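K.L.:
Have a look at this one before I ask anything.
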Amino acid sequence: MKTKIAYVIPTLSLGGAEKQQINILNGMDGERYEIKLFVLKNKTQLLPQLKNKNVVVEICDINSLRSISAMFKFIKNIKDFNPDIIHTHMYNANILARLLKLFLPKSKIINHYHGMSQWMSKPKLFLDKVTSSLVDRFIVVSQKSFDLRLSREKYQKDKIELLYNSVDLNPATETIEKKNNLTIGMASRLIPLKNIEGALFMISELLKKGIKLQLIVAGDGPQKEKLLSYVEELEIAQQVTFLGFVSEMEVFYNQIDIYCISSLTEDLPLSVIEAMVTGKPVIASNIGGIPGIVNNVPCTMLVDDFFDLKEIDAVSVFLKNLELNECREKLVDYAMSNFDNQAYCAKLVHIYDDILESR
């Protein structure tokens, strides 16, 4: 008899947690597992990237607290499925899974964390703490997050599993021709925490130094108009392109020479790993879990402040000294050795087996 797994995630819109959910589903063995994915809201831009035909998908349409009938339907459907494991992503789904224990006491609960949750209010933190005993495993994606869950949420150490995100892209193989004009890429929701302004300011200063480059940004969000105005203010409109939502990220990575992430807060951004497996040097914020995967890795650079002119000088030197072909080989080897999706799914299966054995 197959083990039944219910995955629960708020959306399948653009984001690292959502993409990691797709990677997990694509890597799971349909011969061994009966898999059902519950997407709580009707936001499913990434759904076409799901290649595993054994996965049943249910869109629940729970778009607000007033979606009472949709919530009851979700509870009924997950009860009817009667999963051995409920594996959830992000705060709302994680708390919901704990409440499902009332209806499915034999199901094992796995909560998956993809951020530092710095937004978490005291009431939400209290709710998290008083229900955490219902969880069988907590999966975190960086050592920074591991330490935070011990000190802030105070989870049991033996229940926390550190499992870095994985990559399900083809590694780069083609030789890169030497270019006079570099293309820097970013993939991000256009929200304040992603600090796109910092990257735009850096680009404007690098252009002033005579470095020929373009910036392309994949992603959408509420800050788009503000960012377009800032581009005009910096007088770099000819060098910056906003692509909007991009469904085929391999095409995006093939368009760029260097990847940049300028966020103010991150856990372990999947885009950094994807960039490395496609052989792209990385310029990244020195925050959260990023240093844990970037520090001392060839062809990567950490930046404390994207508005600091001295740091931008250092970025200028970094760019001038890059040998893109050498970087490609080193980064692909590093990324495939540490973040391969098949290896990731094998570790996840081990976690599943471990908690099922404790029944």
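Following the order of the structure tokens, first chain is A, next is B, and so on, with residues numbered from 1 inside each chain and ligands from 1 in the order they appear.
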Once DSSP has gone over the backbone, tell me which residues of segment 120-215 of chain A are in helix (DSSP H, G or I), as number ranges by chain.

P.N.:
A: 122-134, 143-153, 157-159, 192-194, 196-208

K.L.:
Please dump the current selection as a CSV table (one decimal), in the first residue's frame; keep N, CA and C atoms.

P.N.:
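Saved file result_36.csv follows:
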chain,number,residue,atom,x,y,z
A,122,LYS,N,3.4,39.2,18.2
A,122,LYS,CA,3.4,38.5,19.5
A,122,LYS,C,2.3,37.5,19.5
A,123,PRO,N,1.1,37.9,19.1
A,123,PRO,CA,0.0,36.9,19.1
A,123,PRO,C,0.2,35.7,18.2
A,124,LYS,N,0.8,35.9,17.0
A,124,LYS,CA,1.1,34.8,16.1
A,124,LYS,C,2.2,33.9,16.7
A,125,LEU,N,3.2,34.6,17.3
A,125,LEU,CA,4.3,33.8,17.9
A,125,LEU,C,3.7,32.9,19.1
A,126,PHE,N,2.8,33.5,19.8
A,126,PHE,CA,2.2,32.8,20.9
A,126,PHE,C,1.4,31.6,20.4
A,127,LEU,N,0.6,31.8,19.3
A,127,LEU,CA,-0.1,30.7,18.7
A,127,LEU,C,0.8,29.6,18.2
A,128,ASP,N,1.9,30.0,17.6
A,128,ASP,CA,2.9,29.1,17.2
A,128,ASP,C,3.5,28.2,18.3
A,129,LYS,N,3.8,28.9,19.4
A,129,LYS,CA,4.4,28.1,20.5
A,129,LYS,C,3.5,27.2,21.2
A,130,VAL,N,2.2,27.6,21.4
A,130,VAL,CA,1.2,26.7,22.1
A,130,VAL,C,0.8,25.5,21.2
A,131,THR,N,1.0,25.6,19.9
A,131,THR,CA,0.6,24.5,19.1
A,131,THR,C,1.7,23.7,18.5
A,132,SER,N,3.0,24.0,18.8
A,132,SER,CA,4.1,23.4,18.2
A,132,SER,C,4.3,21.9,18.7
A,133,SER,N,3.7,21.6,19.8
A,133,SER,CA,3.9,20.2,20.2
A,133,SER,C,3.1,19.2,19.3
A,134,LEU,N,2.2,19.7,18.5
A,134,LEU,CA,1.5,18.9,17.5
A,134,LEU,C,2.3,18.5,16.3
A,143,GLN,N,21.1,27.3,8.3
A,143,GLN,CA,21.6,27.2,9.7
A,143,GLN,C,21.1,28.4,10.5
A,144,LYS,N,21.0,29.6,9.9
A,144,LYS,CA,20.5,30.8,10.6
A,144,LYS,C,19.1,30.5,11.1
A,145,SER,N,18.3,29.9,10.2
A,145,SER,CA,16.9,29.6,10.6
A,145,SER,C,16.8,28.6,11.7
A,146,PHE,N,17.7,27.6,11.6
A,146,PHE,CA,17.8,26.5,12.6
A,146,PHE,C,18.0,27.2,14.0
A,147,ASP,N,19.0,28.1,14.1
A,147,ASP,CA,19.3,28.7,15.3
A,147,ASP,C,18.2,29.6,15.8
A,148,LEU,N,17.5,30.3,14.9
A,148,LEU,CA,16.4,31.1,15.3
A,148,LEU,C,15.2,30.4,15.8
A,149,ARG,N,14.9,29.2,15.3
A,149,ARG,CA,13.8,28.4,15.8
A,149,ARG,C,14.1,27.9,17.1
A,150,LEU,N,15.3,27.6,17.4
A,150,LEU,CA,15.7,27.2,18.8
A,150,LEU,C,15.6,28.3,19.8
A,151,SER,N,16.0,29.5,19.4
A,151,SER,CA,16.0,30.6,20.4
A,151,SER,C,14.7,31.3,20.5
A,152,ARG,N,14.0,31.5,19.4
A,152,ARG,CA,12.8,32.3,19.4
A,152,ARG,C,11.5,31.4,19.6
A,153,GLU,N,11.3,30.5,18.7
A,153,GLU,CA,10.1,29.6,18.8
A,153,GLU,C,10.3,28.5,19.9
A,157,LYS,N,15.1,20.6,19.7
A,157,LYS,CA,16.2,20.5,18.8
A,157,LYS,C,16.1,19.2,17.9
A,158,ASP,N,15.7,18.1,18.6
A,158,ASP,CA,15.7,16.8,17.8
A,158,ASP,C,14.6,16.7,16.9
A,159,LYS,N,13.7,17.7,16.9
A,159,LYS,CA,12.6,17.8,15.9
A,159,LYS,C,12.9,18.7,14.7
A,192,PRO,N,9.1,45.9,-0.9
A,192,PRO,CA,10.1,46.6,-0.2
A,192,PRO,C,11.2,45.8,0.3
A,193,LEU,N,10.9,44.6,0.9
A,193,LEU,CA,11.9,43.8,1.5
A,193,LEU,C,13.0,43.3,0.5
A,194,LYS,N,12.7,43.3,-0.7
A,194,LYS,CA,13.6,42.8,-1.7
A,194,LYS,C,14.6,43.9,-2.1
A,196,ILE,N,15.0,46.3,-4.2
A,196,ILE,CA,15.3,46.5,-5.6
A,196,ILE,C,16.0,47.8,-5.9
A,197,GLU,N,15.5,48.8,-5.1
A,197,GLU,CA,16.1,50.2,-5.2
A,197,GLU,C,17.7,50.1,-5.0
A,198,GLY,N,18.1,49.3,-4.0
A,198,GLY,CA,19.5,49.2,-3.8
A,198,GLY,C,20.3,48.7,-5.0
A,199,ALA,N,19.7,47.7,-5.7
A,199,ALA,CA,20.4,47.2,-6.9
A,199,ALA,C,20.4,48.2,-8.0
A,200,LEU,N,19.3,49.0,-8.1
A,200,LEU,CA,19.2,50.0,-9.2
A,200,LEU,C,20.2,51.1,-8.9
A,201,PHE,N,20.4,51.5,-7.6
A,201,PHE,CA,21.4,52.5,-7.3
A,201,PHE,C,22.8,52.0,-7.6
A,202,MET,N,23.1,50.7,-7.3
A,202,MET,CA,24.4,50.1,-7.6
A,202,MET,C,24.6,50.1,-9.1
A,203,ILE,N,23.6,49.8,-9.9
A,203,ILE,CA,23.7,49.8,-11.4
A,203,ILE,C,24.1,51.2,-11.9
A,204,SER,N,23.4,52.2,-11.3
A,204,SER,CA,23.6,53.5,-11.8
A,204,SER,C,25.0,54.0,-11.5
A,205,GLU,N,25.6,53.6,-10.4
A,205,GLU,CA,26.9,54.0,-10.0
A,205,GLU,C,28.0,53.2,-10.8
A,206,LEU,N,27.7,51.9,-11.1
A,206,LEU,CA,28.6,51.2,-11.9
A,206,LEU,C,28.7,51.7,-13.4
A,207,LEU,N,27.5,52.2,-13.9
A,207,LEU,CA,27.5,52.8,-15.2
A,207,LEU,C,28.3,54.1,-15.2
A,208,LYS,N,28.3,54.8,-14.1
A,208,LYS,CA,29.1,56.0,-14.0
A,208,LYS,C,30.6,55.7,-14.1

K.L.:
In Å, how far is it from atom CA of Val56 of chain A to atom CA of Glu248 of chain A?

P.N.:
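Value for the atom CA of Val56 of chain A-atom CA of Glu248 of chain A distance: 22.3 Å.
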
K.L.:
With only C-alpha atoms as the counted atoms, please give the residues lying no more than 10 Å from Ala97 of chain A, apart from itself and same-chain residues fewer than 6 positions off, as an MDAnalysis selection string.

P.N.:
chainID A and resid 7:8 86:89 91 104 107:111 134:135

K.L.:
Would you write out those residues with N, CA and C atoms, as an mmCIF file, in the first residue's frame?

P.N.:
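So the final result, stored in again38.cif, reads:
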data_model
loop_
_atom_site.group_PDB
_atom_site.id
_atom_site.type_symbol
_atom_site.label_atom_id
_atom_site.label_comp_id
_atom_site.auth_asym_id
_atom_site.auth_seq_id
_atom_site.Cartn_x
_atom_site.Cartn_y
_atom_site.Cartn_z
ATOM 1 N N TYR A 7 0.403 17.568 0.638
ATOM 2 C CA TYR A 7 1.170 18.811 0.714
ATOM 3 C C TYR A 7 0.186 19.972 0.747
ATOM 4 N N VAL A 8 0.444 20.931 1.622
ATOM 5 C CA VAL A 8 -0.436 22.095 1.738
ATOM 6 C C VAL A 8 0.420 23.359 1.654
ATOM 7 N N ILE A 86 1.170 15.013 6.545
ATOM 8 C CA ILE A 86 0.757 16.329 6.053
ATOM 9 C C ILE A 86 1.984 17.227 6.105
ATOM 10 N N HIS A 87 2.453 17.635 4.943
ATOM 11 C CA HIS A 87 3.678 18.431 4.817
ATOM 12 C C HIS A 87 3.284 19.826 4.327
ATOM 13 N N THR A 88 3.489 20.844 5.172
ATOM 14 C CA THR A 88 3.012 22.189 4.860
ATOM 15 C C THR A 88 4.163 23.180 4.743
ATOM 16 N N HIS A 89 3.877 24.278 4.020
ATOM 17 C CA HIS A 89 4.861 25.335 3.817
ATOM 18 C C HIS A 89 4.281 26.684 4.257
ATOM 19 N N TYR A 91 3.729 30.012 7.251
ATOM 20 C CA TYR A 91 3.073 30.122 8.550
ATOM 21 C C TYR A 91 1.611 29.679 8.542
ATOM 22 N N LEU A 104 -7.471 14.495 12.190
ATOM 23 C CA LEU A 104 -6.629 13.410 11.668
ATOM 24 C C LEU A 104 -5.514 13.115 12.672
ATOM 25 N N SER A 107 -2.266 11.281 11.505
ATOM 26 C CA SER A 107 -1.393 11.882 10.492
ATOM 27 C C SER A 107 -0.171 12.521 11.146
ATOM 28 N N LYS A 108 0.972 12.357 10.506
ATOM 29 C CA LYS A 108 2.189 12.999 10.954
ATOM 30 C C LYS A 108 2.295 14.379 10.306
ATOM 31 N N ILE A 109 2.729 15.366 11.089
ATOM 32 C CA ILE A 109 2.757 16.757 10.629
ATOM 33 C C ILE A 109 4.203 17.219 10.440
ATOM 34 N N ILE A 110 4.481 17.762 9.253
ATOM 35 C CA ILE A 110 5.775 18.384 8.969
ATOM 36 C C ILE A 110 5.525 19.837 8.590
ATOM 37 N N ASN A 111 6.114 20.752 9.333
ATOM 38 C CA ASN A 111 6.075 22.175 8.997
ATOM 39 C C ASN A 111 7.386 22.588 8.350
ATOM 40 N N LEU A 134 2.233 19.719 18.462
ATOM 41 C CA LEU A 134 1.478 18.883 17.531
ATOM 42 C C LEU A 134 2.280 18.508 16.293
ATOM 43 N N VAL A 135 3.466 19.099 16.145
ATOM 44 C CA VAL A 135 4.282 18.913 14.951
ATOM 45 C C VAL A 135 5.307 17.806 15.185
#

K.L.:
Which distance in Å separates atom CA of Cys299 of chain A and atom CA of Arg328 of chain A, to one decimal?

P.N.:
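Distance reported for this atom pair: 8.8 Å.
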
K.L.:
For Ile24 of chain A, please output as a VMD selection string all residues within 10 Å (counting only C-alpha atoms; exclusion window: fewer than 5 positions along the same chain).

P.N.:
chain A and resid 7 18 to 19 50 52 165 to 168 341 to 342 344 to 345 348
